[in-house]
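Listing of start.pdb; format and content: PDB, C-alpha atoms and all ligand atoms.
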```
ATOM      1  CA  MET A   1     -60.282 -13.364  55.905
ATOM      2  CA  LEU A   2     -63.193 -11.298  54.752
ATOM      3  CA  LEU A   3     -65.937 -11.094  57.368
ATOM      4  CA  ALA A   4     -69.557 -10.154  56.764
ATOM      5  CA  VAL A   5     -71.858  -9.382  59.678
ATOM      6  CA  ILE A   6     -75.487  -9.862  58.701
ATOM      7  CA  VAL A   7     -78.200  -8.010  60.567
ATOM      8  CA  PRO A   8     -81.901  -8.628  59.834
ATOM      9  CA  CYS A   9     -83.992  -5.571  60.637
ATOM     10  CA  TYR A  10     -87.734  -5.324  60.909
ATOM     11  CA  ASN A  11     -88.926  -1.929  62.143
ATOM     12  CA  GLU A  12     -85.715  -1.314  64.051
ATOM     13  CA  GLU A  13     -85.351   2.461  63.561
ATOM     14  CA  GLU A  14     -84.635   2.989  67.270
ATOM     15  CA  VAL A  15     -81.587   0.758  67.395
ATOM     16  CA  ILE A  16     -79.864   0.509  64.012
ATOM     17  CA  GLU A  17     -77.402   3.345  64.488
ATOM     18  CA  LEU A  18     -76.433   2.125  67.916
ATOM     19  CA  THR A  19     -76.079  -1.400  66.608
ATOM     20  CA  PHE A  20     -73.926  -0.170  63.735
ATOM     21  CA  ASN A  21     -71.589   1.628  66.150
ATOM     22  CA  GLU A  22     -71.218  -1.414  68.383
ATOM     23  CA  ILE A  23     -70.600  -3.867  65.549
ATOM     24  CA  ASN A  24     -68.294  -1.452  63.784
ATOM     25  CA  LYS A  25     -66.177  -1.143  66.930
ATOM     26  CA  VAL A  26     -65.745  -4.894  66.990
ATOM     27  CA  ILE A  27     -64.851  -4.971  63.296
ATOM     28  CA  GLU A  28     -62.308  -2.160  63.657
ATOM     29  CA  ASN A  29     -60.769  -3.994  66.557
ATOM     30  CA  LEU A  30     -60.506  -7.246  64.592
ATOM     31  CA  ILE A  31     -58.946  -5.395  61.662
ATOM     32  CA  LYS A  32     -56.397  -3.863  64.027
ATOM     33  CA  LYS A  33     -55.563  -7.323  65.326
ATOM     34  CA  GLY A  34     -55.023  -8.452  61.748
ATOM     35  CA  TRP A  35     -57.647 -11.206  62.032
ATOM     36  CA  ILE A  36     -59.947  -9.917  59.308
ATOM     37  CA  LYS A  37     -59.511  -7.877  56.138
ATOM     38  CA  LYS A  38     -60.191  -4.177  56.261
ATOM     39  CA  GLU A  39     -62.850  -4.607  53.565
ATOM     40  CA  SER A  40     -65.000  -6.587  56.027
ATOM     41  CA  PHE A  41     -68.540  -5.266  56.092
ATOM     42  CA  ILE A  42     -71.944  -5.190  57.713
ATOM     43  CA  VAL A  43     -75.103  -6.064  55.770
ATOM     44  CA  PHE A  44     -78.342  -4.618  57.038
ATOM     45  CA  VAL A  45     -81.300  -6.517  55.610
ATOM     46  CA  ASP A  46     -84.493  -4.522  55.773
ATOM     47  CA  ASP A  47     -87.230  -7.118  56.054
ATOM     48  CA  GLY A  48     -90.050  -4.968  54.703
ATOM     49  CA  SER A  49     -90.019  -2.449  57.550
ATOM     50  CA  ARG A  50     -92.685   0.208  57.684
ATOM     51  CA  ASP A  51     -90.692   2.716  59.704
ATOM     52  CA  LYS A  52     -87.503   4.643  58.889
ATOM     53  CA  THR A  53     -85.285   1.555  58.932
ATOM     54  CA  TRP A  54     -84.351   1.709  55.239
ATOM     55  CA  GLU A  55     -83.743   5.439  55.359
ATOM     56  CA  ILE A  56     -81.300   4.962  58.220
ATOM     57  CA  ILE A  57     -79.563   2.092  56.430
ATOM     58  CA  SER A  58     -79.217   4.231  53.275
ATOM     59  CA  ASN A  59     -77.733   7.067  55.316
ATOM     60  CA  LEU A  60     -75.251   4.735  56.955
ATOM     61  CA  HIS A  61     -74.293   3.391  53.538
ATOM     62  CA  ALA A  62     -73.776   6.920  52.225
ATOM     63  CA  LYS A  63     -71.582   7.726  55.207
ATOM     64  CA  TYR A  64     -69.616   4.462  55.253
ATOM     65  CA  PRO A  65     -69.932   3.029  51.725
ATOM     66  CA  GLU A  66     -67.172   0.480  52.299
ATOM     67  CA  ARG A  67     -68.364  -0.770  55.623
ATOM     68  CA  VAL A  68     -72.158  -0.761  55.281
ATOM     69  CA  LYS A  69     -74.146  -2.647  52.682
ATOM     70  CA  GLY A  70     -77.891  -2.799  52.519
ATOM     71  CA  LEU A  71     -80.509  -5.118  51.177
ATOM     72  CA  LYS A  72     -84.158  -4.166  51.053
ATOM     73  CA  LEU A  73     -86.683  -6.968  50.758
ATOM     74  CA  SER A  74     -89.861  -6.073  48.935
ATOM     75  CA  ARG A  75     -92.046  -7.094  51.889
ATOM     76  CA  ASN A  76     -91.854  -8.737  55.308
ATOM     77  CA  CYS A  77     -90.499 -12.190  54.451
ATOM     78  CA  GLY A  78     -89.701 -13.214  58.012
ATOM     79  CA  HIS A  79     -86.558 -13.365  60.092
ATOM     80  CA  GLN A  80     -85.255 -16.661  58.644
ATOM     81  CA  ASN A  81     -85.694 -15.538  55.054
ATOM     82  CA  ALA A  82     -84.110 -12.183  55.811
ATOM     83  CA  LEU A  83     -81.075 -14.041  57.140
ATOM     84  CA  MET A  84     -80.947 -16.199  54.012
ATOM     85  CA  ALA A  85     -81.232 -13.143  51.775
ATOM     86  CA  GLY A  86     -78.320 -11.481  53.572
ATOM     87  CA  MET A  87     -76.153 -14.578  53.519
ATOM     88  CA  MET A  88     -76.788 -15.477  49.897
ATOM     89  CA  SER A  89     -76.442 -12.036  48.337
ATOM     90  CA  PHE A  90     -72.802 -11.266  49.124
ATOM     91  CA  ASP A  91     -69.378 -12.804  48.859
ATOM     92  CA  TYR A  92     -67.152 -13.349  51.911
ATOM     93  CA  ASP A  93     -65.042 -15.947  53.724
ATOM     94  CA  ALA A  94     -67.215 -16.145  56.811
ATOM     95  CA  CYS A  95     -70.371 -14.474  58.023
ATOM     96  CA  VAL A  96     -71.875 -13.832  61.422
ATOM     97  CA  THR A  97     -75.627 -13.384  61.739
ATOM     98  CA  ILE A  98     -76.744 -11.223  64.626
ATOM     99  CA  ASP A  99     -80.017  -9.609  65.734
ATOM    100  CA  ALA A 100     -80.444  -5.882  65.275
ATOM    101  CA  ASP A 101     -81.479  -5.207  68.855
ATOM    102  CA  LEU A 102     -78.083  -5.857  70.505
ATOM    103  CA  GLN A 103     -79.526  -8.699  72.536
ATOM    104  CA  ASP A 104     -76.654 -10.734  71.177
ATOM    105  CA  PRO A 105     -73.546  -8.885  72.331
ATOM    106  CA  PRO A 106     -71.352  -7.928  69.331
ATOM    107  CA  GLU A 107     -68.156  -8.503  71.359
ATOM    108  CA  VAL A 108     -68.829 -12.223  71.067
ATOM    109  CA  ILE A 109     -68.129 -11.953  67.332
ATOM    110  CA  GLU A 110     -64.471 -11.780  68.287
ATOM    111  CA  ASN A 111     -64.673 -15.169  70.034
ATOM    112  CA  MET A 112     -66.436 -16.586  66.999
ATOM    113  CA  VAL A 113     -63.747 -15.357  64.632
ATOM    114  CA  GLU A 114     -61.128 -16.814  66.946
ATOM    115  CA  LYS A 115     -62.791 -20.219  66.691
ATOM    116  CA  TYR A 116     -62.992 -19.855  62.922
ATOM    117  CA  ARG A 117     -59.262 -19.203  62.855
ATOM    118  CA  GLU A 118     -58.797 -22.393  64.861
ATOM    119  CA  GLY A 119     -60.453 -24.230  62.005
ATOM    120  CA  PHE A 120     -64.136 -24.411  62.945
ATOM    121  CA  GLU A 121     -66.540 -23.949  60.046
ATOM    122  CA  ILE A 122     -69.627 -23.325  62.196
ATOM    123  CA  VAL A 123     -69.625 -21.491  65.523
ATOM    124  CA  TYR A 124     -72.876 -21.416  67.513
ATOM    125  CA  GLY A 125     -73.577 -18.590  69.909
ATOM    126  CA  VAL A 126     -75.206 -20.223  72.912
ATOM    127  CA  ARG A 127     -76.863 -18.392  75.753
ATOM    128  CA  SER A 128     -75.517 -19.301  79.146
ATOM    129  CA  LYS A 129     -78.600 -17.839  80.852
ATOM    130  CA  ARG A 130     -82.010 -16.697  79.757
ATOM    131  CA  ASP A 131     -82.574 -14.102  82.470
ATOM    132  CA  SER A 132     -83.490 -11.344  80.073
ATOM    133  CA  ASP A 133     -86.469 -13.299  78.730
ATOM    134  CA  THR A 134     -89.920 -13.350  80.247
ATOM    135  CA  LEU A 135     -90.824 -16.466  82.208
ATOM    136  CA  PHE A 136     -93.355 -17.320  79.512
ATOM    137  CA  LYS A 137     -90.795 -17.164  76.712
ATOM    138  CA  ARG A 138     -88.322 -19.204  78.751
ATOM    139  CA  LYS A 139     -90.816 -21.939  79.524
ATOM    140  CA  THR A 140     -92.207 -22.163  76.006
ATOM    141  CA  ALA A 141     -88.683 -22.258  74.555
ATOM    142  CA  GLU A 142     -87.723 -25.032  76.963
ATOM    143  CA  ALA A 143     -90.810 -27.044  76.052
ATOM    144  CA  PHE A 144     -90.028 -26.544  72.374
ATOM    145  CA  TYR A 145     -86.450 -27.831  72.668
ATOM    146  CA  LYS A 146     -87.679 -30.846  74.643
ATOM    147  CA  PHE A 147     -90.357 -31.632  72.100
ATOM    148  CA  MET A 148     -87.956 -31.301  69.166
ATOM    149  CA  LYS A 149     -85.511 -33.614  70.890
ATOM    150  CA  PHE A 150     -88.338 -36.087  71.443
ATOM    151  CA  LEU A 151     -89.085 -35.900  67.724
ATOM    152  CA  GLY A 152     -85.470 -36.713  67.026
ATOM    153  CA  VAL A 153     -84.471 -33.326  65.607
ATOM    154  CA  GLU A 154     -80.975 -32.305  66.566
ATOM    155  CA  LEU A 155     -80.983 -28.712  67.813
ATOM    156  CA  VAL A 156     -78.379 -26.772  69.735
ATOM    157  CA  SER A 157     -80.169 -25.824  72.952
ATOM    158  CA  ASN A 158     -80.345 -22.124  73.740
ATOM    159  CA  HIS A 159     -78.840 -21.198  70.423
ATOM    160  CA  ALA A 160     -80.860 -18.785  68.340
ATOM    161  CA  ASP A 161     -79.569 -17.335  65.100
ATOM    162  CA  PHE A 162     -76.371 -15.794  66.424
ATOM    163  CA  ARG A 163     -73.680 -17.810  64.667
ATOM    164  CA  LEU A 164     -70.680 -17.806  62.393
ATOM    165  CA  LEU A 165     -70.704 -19.775  59.165
ATOM    166  CA  GLY A 166     -67.725 -20.307  56.920
ATOM    167  CA  ARG A 167     -67.968 -20.066  53.167
ATOM    168  CA  ARG A 168     -68.247 -23.841  52.709
ATOM    169  CA  ALA A 169     -71.139 -24.110  55.174
ATOM    170  CA  VAL A 170     -72.960 -21.260  53.431
ATOM    171  CA  LYS A 171     -72.420 -22.969  50.091
ATOM    172  CA  ALA A 172     -73.900 -26.180  51.510
ATOM    173  CA  LEU A 173     -76.796 -24.220  52.970
ATOM    174  CA  SER A 174     -77.534 -22.676  49.590
ATOM    175  CA  GLU A 175     -78.306 -26.162  48.257
ATOM    176  CA  PHE A 176     -81.332 -26.424  50.545
ATOM    177  CA  LYS A 177     -84.179 -25.228  48.411
ATOM    178  CA  GLU A 178     -87.096 -25.724  50.788
ATOM    179  CA  SER A 179     -89.293 -22.729  51.452
ATOM    180  CA  ASN A 180     -90.223 -24.048  54.891
ATOM    181  CA  LEU A 181     -86.946 -22.897  56.297
ATOM    182  CA  PHE A 182     -85.808 -23.691  59.826
ATOM    183  CA  LEU A 183     -82.150 -22.684  60.047
ATOM    184  CA  ARG A 184     -81.647 -23.944  63.589
ATOM    185  CA  GLY A 185     -82.449 -27.438  62.425
ATOM    186  CA  ILE A 186     -80.713 -27.324  59.057
ATOM    187  CA  ILE A 187     -77.370 -25.996  60.201
ATOM    188  CA  PRO A 188     -76.517 -28.841  62.609
ATOM    189  CA  TYR A 189     -77.684 -31.136  59.799
ATOM    190  CA  LEU A 190     -75.012 -29.704  57.467
ATOM    191  CA  GLY A 191     -72.255 -31.344  59.453
ATOM    192  CA  PHE A 192     -68.801 -29.639  59.329
ATOM    193  CA  LYS A 193     -66.527 -29.032  62.259
ATOM    194  CA  SER A 194     -68.459 -26.933  64.732
ATOM    195  CA  THR A 195     -68.183 -25.510  68.207
ATOM    196  CA  LYS A 196     -69.997 -23.194  70.617
ATOM    197  CA  VAL A 197     -69.236 -19.911  72.280
ATOM    198  CA  PHE A 198     -71.232 -18.826  75.310
ATOM    199  CA  TYR A 199     -72.696 -15.429  76.077
ATOM    200  CA  GLU A 200     -75.366 -13.756  78.121
ATOM    201  CA  ARG A 201     -78.271 -12.370  76.207
ATOM    202  CA  ARG A 202     -79.075  -8.811  77.081
ATOM    203  CA  LYS A 203     -82.239  -6.778  77.041
ATOM    204  CA  ARG A 204     -83.316  -5.147  73.805
ATOM    205  CA  ALA A 205     -81.425  -1.898  73.187
ATOM    206  CA  GLY A 206     -84.683  -0.235  72.150
ATOM    207  CA  GLY A 207     -88.037  -0.847  70.564
ATOM    208  CA  GLU A 208     -90.124  -3.945  71.113
ATOM    209  CA  SER A 209     -89.816  -7.579  70.173
ATOM    210  CA  LYS A 210     -90.794  -8.173  66.556
ATOM    211  CA  TYR A 211     -91.627 -11.755  67.389
ATOM    212  CA  THR A 212     -95.258 -11.710  68.339
ATOM    213  CA  LEU A 213     -96.800 -14.777  69.953
ATOM    214  CA  GLY A 214     -98.328 -15.649  66.599
ATOM    215  CA  LYS A 215     -94.953 -15.465  64.835
ATOM    216  CA  MET A 216     -93.366 -17.552  67.582
ATOM    217  CA  LEU A 217     -96.009 -20.253  67.327
ATOM    218  CA  SER A 218     -95.800 -20.371  63.559
ATOM    219  CA  PHE A 219     -91.990 -20.559  63.812
ATOM    220  CA  ALA A 220     -92.247 -23.520  66.192
ATOM    221  CA  TRP A 221     -94.738 -25.242  63.909
ATOM    222  CA  GLU A 222     -92.447 -24.680  60.881
ATOM    223  CA  GLY A 223     -89.650 -26.215  62.890
ATOM    224  CA  ILE A 224     -91.645 -29.294  63.762
ATOM    225  CA  THR A 225     -93.213 -29.910  60.382
ATOM    226  CA  SER A 226     -90.119 -29.140  58.353
ATOM    227  CA  PHE A 227     -88.118 -31.785  60.165
ATOM    228  CA  SER A 228     -90.470 -34.489  61.198
ATOM    229  CA  ILE A 229     -93.433 -36.492  60.039
ATOM    230  CA  PHE A 230     -93.879 -37.693  63.604
ATOM    231  CA  PRO A 231     -97.320 -36.051  64.008
ATOM    232  CA  LEU A 232     -98.524 -38.118  61.072
ATOM    233  CA  ARG A 233     -97.136 -41.262  62.647
ATOM    234  CA  ILE A 234     -98.962 -40.554  65.914
ATOM    235  CA  ILE A 235    -102.164 -40.493  63.906
ATOM    236  CA  THR A 236    -101.507 -43.948  62.549
ATOM    237  CA  VAL A 237    -100.762 -45.308  66.006
ATOM    238  CA  ILE A 238    -103.801 -43.720  67.633
ATOM    239  CA  GLY A 239    -105.924 -44.828  64.702
ATOM    240  CA  ALA A 240    -104.742 -48.422  65.132
ATOM    241  CA  LEU A 241    -105.425 -48.357  68.877
ATOM    242  CA  ILE A 242    -108.903 -46.968  68.377
ATOM    243  CA  PHE A 243    -109.571 -49.598  65.766
ATOM    244  CA  ILE A 244    -108.628 -52.376  68.192
ATOM    245  CA  VAL A 245    -110.808 -50.893  70.920
ATOM    246  CA  SER A 246    -113.770 -50.558  68.595
ATOM    247  CA  LEU A 247    -113.292 -54.170  67.503
ATOM    248  CA  LEU A 248    -113.448 -55.281  71.137
ATOM    249  CA  LEU A 249    -116.489 -53.090  71.718
ATOM    250  CA  SER A 250    -118.265 -54.625  68.746
ATOM    251  CA  LEU A 251    -117.576 -58.121  70.056
ATOM    252  CA  TRP A 252    -118.932 -57.071  73.415
ATOM    253  CA  ALA A 253    -122.051 -55.578  71.859
ATOM    254  CA  LEU A 254    -122.573 -58.727  69.811
ATOM    255  CA  TYR A 255    -122.252 -60.855  72.908
ATOM    256  CA  LEU A 256    -124.820 -58.739  74.788
ATOM    257  CA  LYS A 257    -127.208 -58.938  71.870
ATOM    258  CA  MET A 258    -126.911 -62.682  71.551
ATOM    259  CA  SER A 259    -127.335 -63.294  75.250
ATOM    260  CA  GLY A 260    -130.476 -61.140  75.147
ATOM    261  CA  LYS A 261    -129.166 -58.641  77.690
ATOM    262  CA  SER A 262    -128.944 -55.635  75.397
ATOM    263  CA  VAL A 263    -130.404 -52.357  76.621
ATOM    264  CA  ALA A 264    -130.943 -49.375  74.402
ATOM    265  CA  GLY A 265    -128.151 -47.047  75.499
ATOM    266  CA  TRP A 266    -127.746 -43.461  74.571
ATOM    267  CA  ALA A 267    -124.304 -42.825  76.029
ATOM    268  CA  SER A 268    -122.694 -45.774  74.334
ATOM    269  CA  ILE A 269    -123.807 -44.448  70.973
ATOM    270  CA  VAL A 270    -123.182 -40.807  71.431
ATOM    271  CA  LEU A 271    -119.802 -40.885  73.183
ATOM    272  CA  PRO A 272    -117.915 -42.773  70.482
ATOM    273  CA  LEU A 273    -119.584 -40.500  67.984
ATOM    274  CA  TYR A 274    -118.153 -37.429  69.649
ATOM    275  CA  ILE A 275    -114.745 -38.909  70.217
ATOM    276  CA  LEU A 276    -114.357 -40.360  66.765
ATOM    277  CA  GLY A 277    -115.790 -37.235  65.167
ATOM    278  CA  GLY A 278    -113.314 -35.068  67.046
ATOM    279  CA  LEU A 279    -110.363 -37.283  66.277
ATOM    280  CA  ASN A 280    -111.345 -37.483  62.642
ATOM    281  CA  ILE A 281    -111.343 -33.754  62.193
ATOM    282  CA  LEU A 282    -108.150 -33.248  64.176
ATOM    283  CA  PHE A 283    -106.272 -35.890  62.241
ATOM    284  CA  LEU A 284    -107.579 -34.726  58.920
ATOM    285  CA  GLY A 285    -106.293 -31.322  59.942
ATOM    286  CA  ILE A 286    -102.797 -32.625  60.667
ATOM    287  CA  ILE A 287    -102.682 -34.573  57.438
ATOM    288  CA  GLY A 288    -103.947 -31.472  55.686
ATOM    289  CA  GLU A 289    -101.100 -29.449  57.179
ATOM    290  CA  TYR A 290     -98.540 -31.718  55.606
ATOM    291  CA  ILE A 291    -100.351 -31.757  52.296
ATOM    292  CA  GLY A 292    -100.363 -27.988  52.504
ATOM    293  CA  LYS A 293     -96.602 -27.998  53.089
ATOM    294  CA  THR A 294     -96.095 -30.250  50.092
ATOM    295  CA  TYR A 295     -98.198 -27.902  48.035
ATOM    296  CA  ILE A 296     -96.198 -24.885  49.097
ATOM    297  CA  GLU A 297     -92.864 -26.623  48.525
ATOM    298  CA  SER A 298     -93.957 -27.910  45.134
ATOM    299  CA  LYS A 299     -94.402 -24.356  43.903
ATOM    300  CA  LYS A 300     -90.721 -23.615  44.571
ATOM    301  CA  ARG A 301     -91.418 -19.961  45.103
ATOM    302  CA  PRO A 302     -88.516 -17.670  45.950
ATOM    303  CA  ARG A 303     -88.036 -17.293  49.683
ATOM    304  CA  TYR A 304     -87.420 -13.584  49.455
ATOM    305  CA  ILE A 305     -87.528 -10.827  46.892
ATOM    306  CA  VAL A 306     -84.851  -8.162  46.862
ATOM    307  CA  GLU A 307     -86.165  -4.736  46.000
ATOM    308  CA  GLU A 308     -83.002  -2.682  46.377
ATOM    309  CA  ARG A 309     -79.360  -3.237  47.066
ATOM    310  CA  LEU A 310     -76.714  -0.900  48.457
ATOM    311  CA  ASP A 311     -73.273  -2.185  47.617
TER     312      ASP A 311
HETATM  313  N1  LIG B   1     -86.886  -9.736  62.409
HETATM  314  C1  LIG B   1     -87.004  -9.750  61.017
HETATM  315  N2  LIG B   1     -88.220 -10.054  60.471
HETATM  316  C2  LIG B   1     -89.325 -10.363  61.222
HETATM  317  C3  LIG B   1     -89.181 -10.363  62.628
HETATM  318  C4  LIG B   1     -87.950 -10.060  63.198
HETATM  319  O1  LIG B   1     -86.035  -9.505  60.292
HETATM  320  O2  LIG B   1     -90.384 -10.620  60.653
HETATM  321  C5  LIG B   1     -85.568  -9.419  63.012
HETATM  322  C6  LIG B   1     -85.590  -8.309  64.059
HETATM  323  O3  LIG B   1     -85.454  -7.049  63.472
HETATM  324  C7  LIG B   1     -84.388  -8.672  64.925
HETATM  325  C8  LIG B   1     -84.362 -10.193  64.844
HETATM  326  O4  LIG B   1     -85.122 -10.559  63.703
HETATM  327  O5  LIG B   1     -83.183  -8.194  64.383
HETATM  328  C9  LIG B   1     -84.928 -10.847  66.083
HETATM  329  O6  LIG B   1     -86.201 -10.310  66.358
HETATM  330  P1  LIG B   1     -86.640  -9.841  67.816
HETATM  331  O7  LIG B   1     -85.493  -9.219  68.535
HETATM  332  O8  LIG B   1     -87.855  -9.009  67.679
HETATM  333  O9  LIG B   1     -87.006 -11.239  68.472
HETATM  334  P2  LIG B   1     -86.785 -11.692  69.999
HETATM  335  O10 LIG B   1     -85.373 -11.344  70.349
HETATM  336  O11 LIG B   1     -87.780 -10.948  70.783
HETATM  337  O12 LIG B   1     -87.026 -13.167  69.961
HETATM  338 MG    MG B   2     -84.509  -9.608  70.173
END
```

Will you turn the file into structure tokens for me?
Ligand code: UDP
Ligand code: MG
Amino acid sequence: MLLAVIVPCYNEEEVIELTFNEINKVIENLIKKGWIKKESFIVFVDDGSRDKTWEIISNLHAKYPERVKGLKLSRNCGHQNALMAGMMSFDYDACVTIDADLQDPPEVIENMVEKYREGFEIVYGVRSKRDSDTLFKRKTAEAFYKFMKFLGVELVSNHADFRLLGRRAVKALSEFKESNLFLRGIIPYLGFKSTKVFYERRKRAGGESKYTLGKMLSFAWEGITSFSIFPLRIITVIGALIFIVSLLLSLWALYLKMSGKSVAGWASIVLPLYILGGLNILFLGIIGEYIGKTYIESKKRPRYIVEERLD
């Protein structure tokens, strides 16, 4: 079978060559075993890097034109879109997506291919431990998985974007046209026969994390809003509860008035004002978020723009 290894790169000049060597070793080994065709290749997707990333990819392509292919996106489209660009732009029997920083050990690709040969269409790389992450990242990730589960979104815990997809799964994935793309949610949703392989995530081989806190938060929010309208439902429920309470309060106020016991109260006027005002704005905001998503989806813009291709 023809294997493609897809590597999204955003300002990864420090690690690309090292990563190429490591992945190439694994590919050579698999070719020797007769598991994959010798035309199997690596695709480096440059996600609008501002450093020498593309230069290094071009050099690698010049040196190993058969083995290395490159795709340059016209700007930083984000990790998920870079993965999509890589997966959709080439032809192969199965692909493995892997980070450029060697945090996902390339040796595991061999286990994935083995599972593919056993007939699995999707193989998830799952981390057995998260020691190499900061406590903050571990805790926030945990909270995120819990919350998504609570929302009813099926995710594979501790699986990031290190996975093997067969041709049929990629074809199915290509039918999903949404621009709010959350691969970790969509891929389990595809169905197909799937399994997991376990590995320990290592430290970055060089450079710094390209996922800033802002990017992480926006990724989590994409995940939630692209799969669930639960936040909107909460609004309805809270709104209904508040309505009941205010009905009771009105009855109470009416009773006080009629029994002549009413006292001019400041707190009772001002507190509901604050609370309702706050809730109003918050809930309008959440509704607005979803309207915004609808707006963005309705434009059907391309998820990524390819500027150059080395093939
Ligand atoms: N990445 C990308 N575009 C981005 C951010 C990240 O293509 O906008 C790539 C990055 O080069 C790496 C992978 O996505 O190959 C994972 O990023 P990183 O290692 O920085 O994330 P972390 O492991 O810290 O979560
Ligand atoms: Mg990383």

Surrounding residues as an MDAnalysis selection string, ligand LIG 1 (chain B), max 9 Å, all atoms listed in the file: chainID A and resid 7:12 45:49 76:83 98:104 133 137 160:161 203:204 207:212 215:216

Can you write out the residues you just picked, keeping C-alpha atoms, as a PDB file, in the frame of the given file?
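Output saved as out.pdb:
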```
ATOM      1  CA  VAL A   7     -78.200  -8.010  60.567  1.00  0.00           C
ATOM      2  CA  PRO A   8     -81.901  -8.628  59.834  1.00  0.00           C
ATOM      3  CA  CYS A   9     -83.992  -5.571  60.637  1.00  0.00           C
ATOM      4  CA  TYR A  10     -87.734  -5.324  60.909  1.00  0.00           C
ATOM      5  CA  ASN A  11     -88.926  -1.929  62.143  1.00  0.00           C
ATOM      6  CA  GLU A  12     -85.715  -1.314  64.051  1.00  0.00           C
ATOM      7  CA  VAL A  45     -81.300  -6.517  55.610  1.00  0.00           C
ATOM      8  CA  ASP A  46     -84.493  -4.522  55.773  1.00  0.00           C
ATOM      9  CA  ASP A  47     -87.230  -7.118  56.054  1.00  0.00           C
ATOM     10  CA  GLY A  48     -90.050  -4.968  54.703  1.00  0.00           C
ATOM     11  CA  SER A  49     -90.019  -2.449  57.550  1.00  0.00           C
ATOM     12  CA  ASN A  76     -91.854  -8.737  55.308  1.00  0.00           C
ATOM     13  CA  CYS A  77     -90.499 -12.190  54.451  1.00  0.00           C
ATOM     14  CA  GLY A  78     -89.701 -13.214  58.012  1.00  0.00           C
ATOM     15  CA  HIS A  79     -86.558 -13.365  60.092  1.00  0.00           C
ATOM     16  CA  GLN A  80     -85.255 -16.661  58.644  1.00  0.00           C
ATOM     17  CA  ASN A  81     -85.694 -15.538  55.054  1.00  0.00           C
ATOM     18  CA  ALA A  82     -84.110 -12.183  55.811  1.00  0.00           C
ATOM     19  CA  LEU A  83     -81.075 -14.041  57.140  1.00  0.00           C
ATOM     20  CA  ILE A  98     -76.744 -11.223  64.626  1.00  0.00           C
ATOM     21  CA  ASP A  99     -80.017  -9.609  65.734  1.00  0.00           C
ATOM     22  CA  ALA A 100     -80.444  -5.882  65.275  1.00  0.00           C
ATOM     23  CA  ASP A 101     -81.479  -5.207  68.855  1.00  0.00           C
ATOM     24  CA  LEU A 102     -78.083  -5.857  70.505  1.00  0.00           C
ATOM     25  CA  GLN A 103     -79.526  -8.699  72.536  1.00  0.00           C
ATOM     26  CA  ASP A 104     -76.654 -10.734  71.177  1.00  0.00           C
ATOM     27  CA  ASP A 133     -86.469 -13.299  78.730  1.00  0.00           C
ATOM     28  CA  LYS A 137     -90.795 -17.164  76.712  1.00  0.00           C
ATOM     29  CA  ALA A 160     -80.860 -18.785  68.340  1.00  0.00           C
ATOM     30  CA  ASP A 161     -79.569 -17.335  65.100  1.00  0.00           C
ATOM     31  CA  LYS A 203     -82.239  -6.778  77.041  1.00  0.00           C
ATOM     32  CA  ARG A 204     -83.316  -5.147  73.805  1.00  0.00           C
ATOM     33  CA  GLY A 207     -88.037  -0.847  70.564  1.00  0.00           C
ATOM     34  CA  GLU A 208     -90.124  -3.945  71.113  1.00  0.00           C
ATOM     35  CA  SER A 209     -89.816  -7.579  70.173  1.00  0.00           C
ATOM     36  CA  LYS A 210     -90.794  -8.173  66.556  1.00  0.00           C
ATOM     37  CA  TYR A 211     -91.627 -11.755  67.389  1.00  0.00           C
ATOM     38  CA  THR A 212     -95.258 -11.710  68.339  1.00  0.00           C
ATOM     39  CA  LYS A 215     -94.953 -15.465  64.835  1.00  0.00           C
ATOM     40  CA  MET A 216     -93.366 -17.552  67.582  1.00  0.00           C
TER      41      MET A 216
END
```

For atom CA of Val96 of chain A and atom CA of Val68 of chain A, determine how far apart the two atoms are, in Å to one decimal place.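 Going from atom CA of Val96 of chain A over to atom CA of Val68 of chain A, I get 14.4 Å.
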
Here's the selection I'm unsure about, the PyMOL selection byres (((chain A and resi 94) around 12) and not hetatm); applied to the file above, which residues does it give, as a VMD selection string? chain A and resid 1 to 6 35 to 37 40 to 42 87 to 88 90 to 93 95 to 97 109 112 to 117 119 to 123 163 to 171

Exercise: Ser298 of chain A partners within 12 Å, only C-alpha atoms, chain neighbours under 3 positions left out, as a count of residues only: 11

Shortest interatomic distance to Met148 of chain A - which of A:Ser228, A:Ser268, A:Thr236, A:Asn21, counting only C-alpha atoms: A:Ser228

Given the file shown, determine the residues that the PyMOL selection byres (((chain A and resi 124-130) around 6) and not hetatm) selects; report them as a list in words. Val123, Asp131, Ser132, Asp133, Asn158, His159, Phe162, Arg163, Lys196, Val197, Phe198, Tyr199 and Glu200 of chain A

Got time to write the residues from that selection, C-alpha atoms, as a short mmCIF file (atom, residue, chain, number, x, y, z; two decimals), keeping the file's coordinate frame?
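Just written: selection-v8.cif:
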```
data_model
loop_
_atom_site.label_atom_id
_atom_site.label_comp_id
_atom_site.auth_asym_id
_atom_site.auth_seq_id
_atom_site.Cartn_x
_atom_site.Cartn_y
_atom_site.Cartn_z
CA VAL A 123 -69.62 -21.49 65.52
CA ASP A 131 -82.57 -14.10 82.47
CA SER A 132 -83.49 -11.34 80.07
CA ASP A 133 -86.47 -13.30 78.73
CA ASN A 158 -80.34 -22.12 73.74
CA HIS A 159 -78.84 -21.20 70.42
CA PHE A 162 -76.37 -15.79 66.42
CA ARG A 163 -73.68 -17.81 64.67
CA LYS A 196 -70.00 -23.19 70.62
CA VAL A 197 -69.24 -19.91 72.28
CA PHE A 198 -71.23 -18.83 75.31
CA TYR A 199 -72.70 -15.43 76.08
CA GLU A 200 -75.37 -13.76 78.12
#
```

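When only C-alpha atoms and all ligand atoms are used to measure the gap to ligand MG 2 (chain B), the shortest distance among A:Leu181, A:Glu154, A:Val15, A:Val245 belongs to A:Val15.
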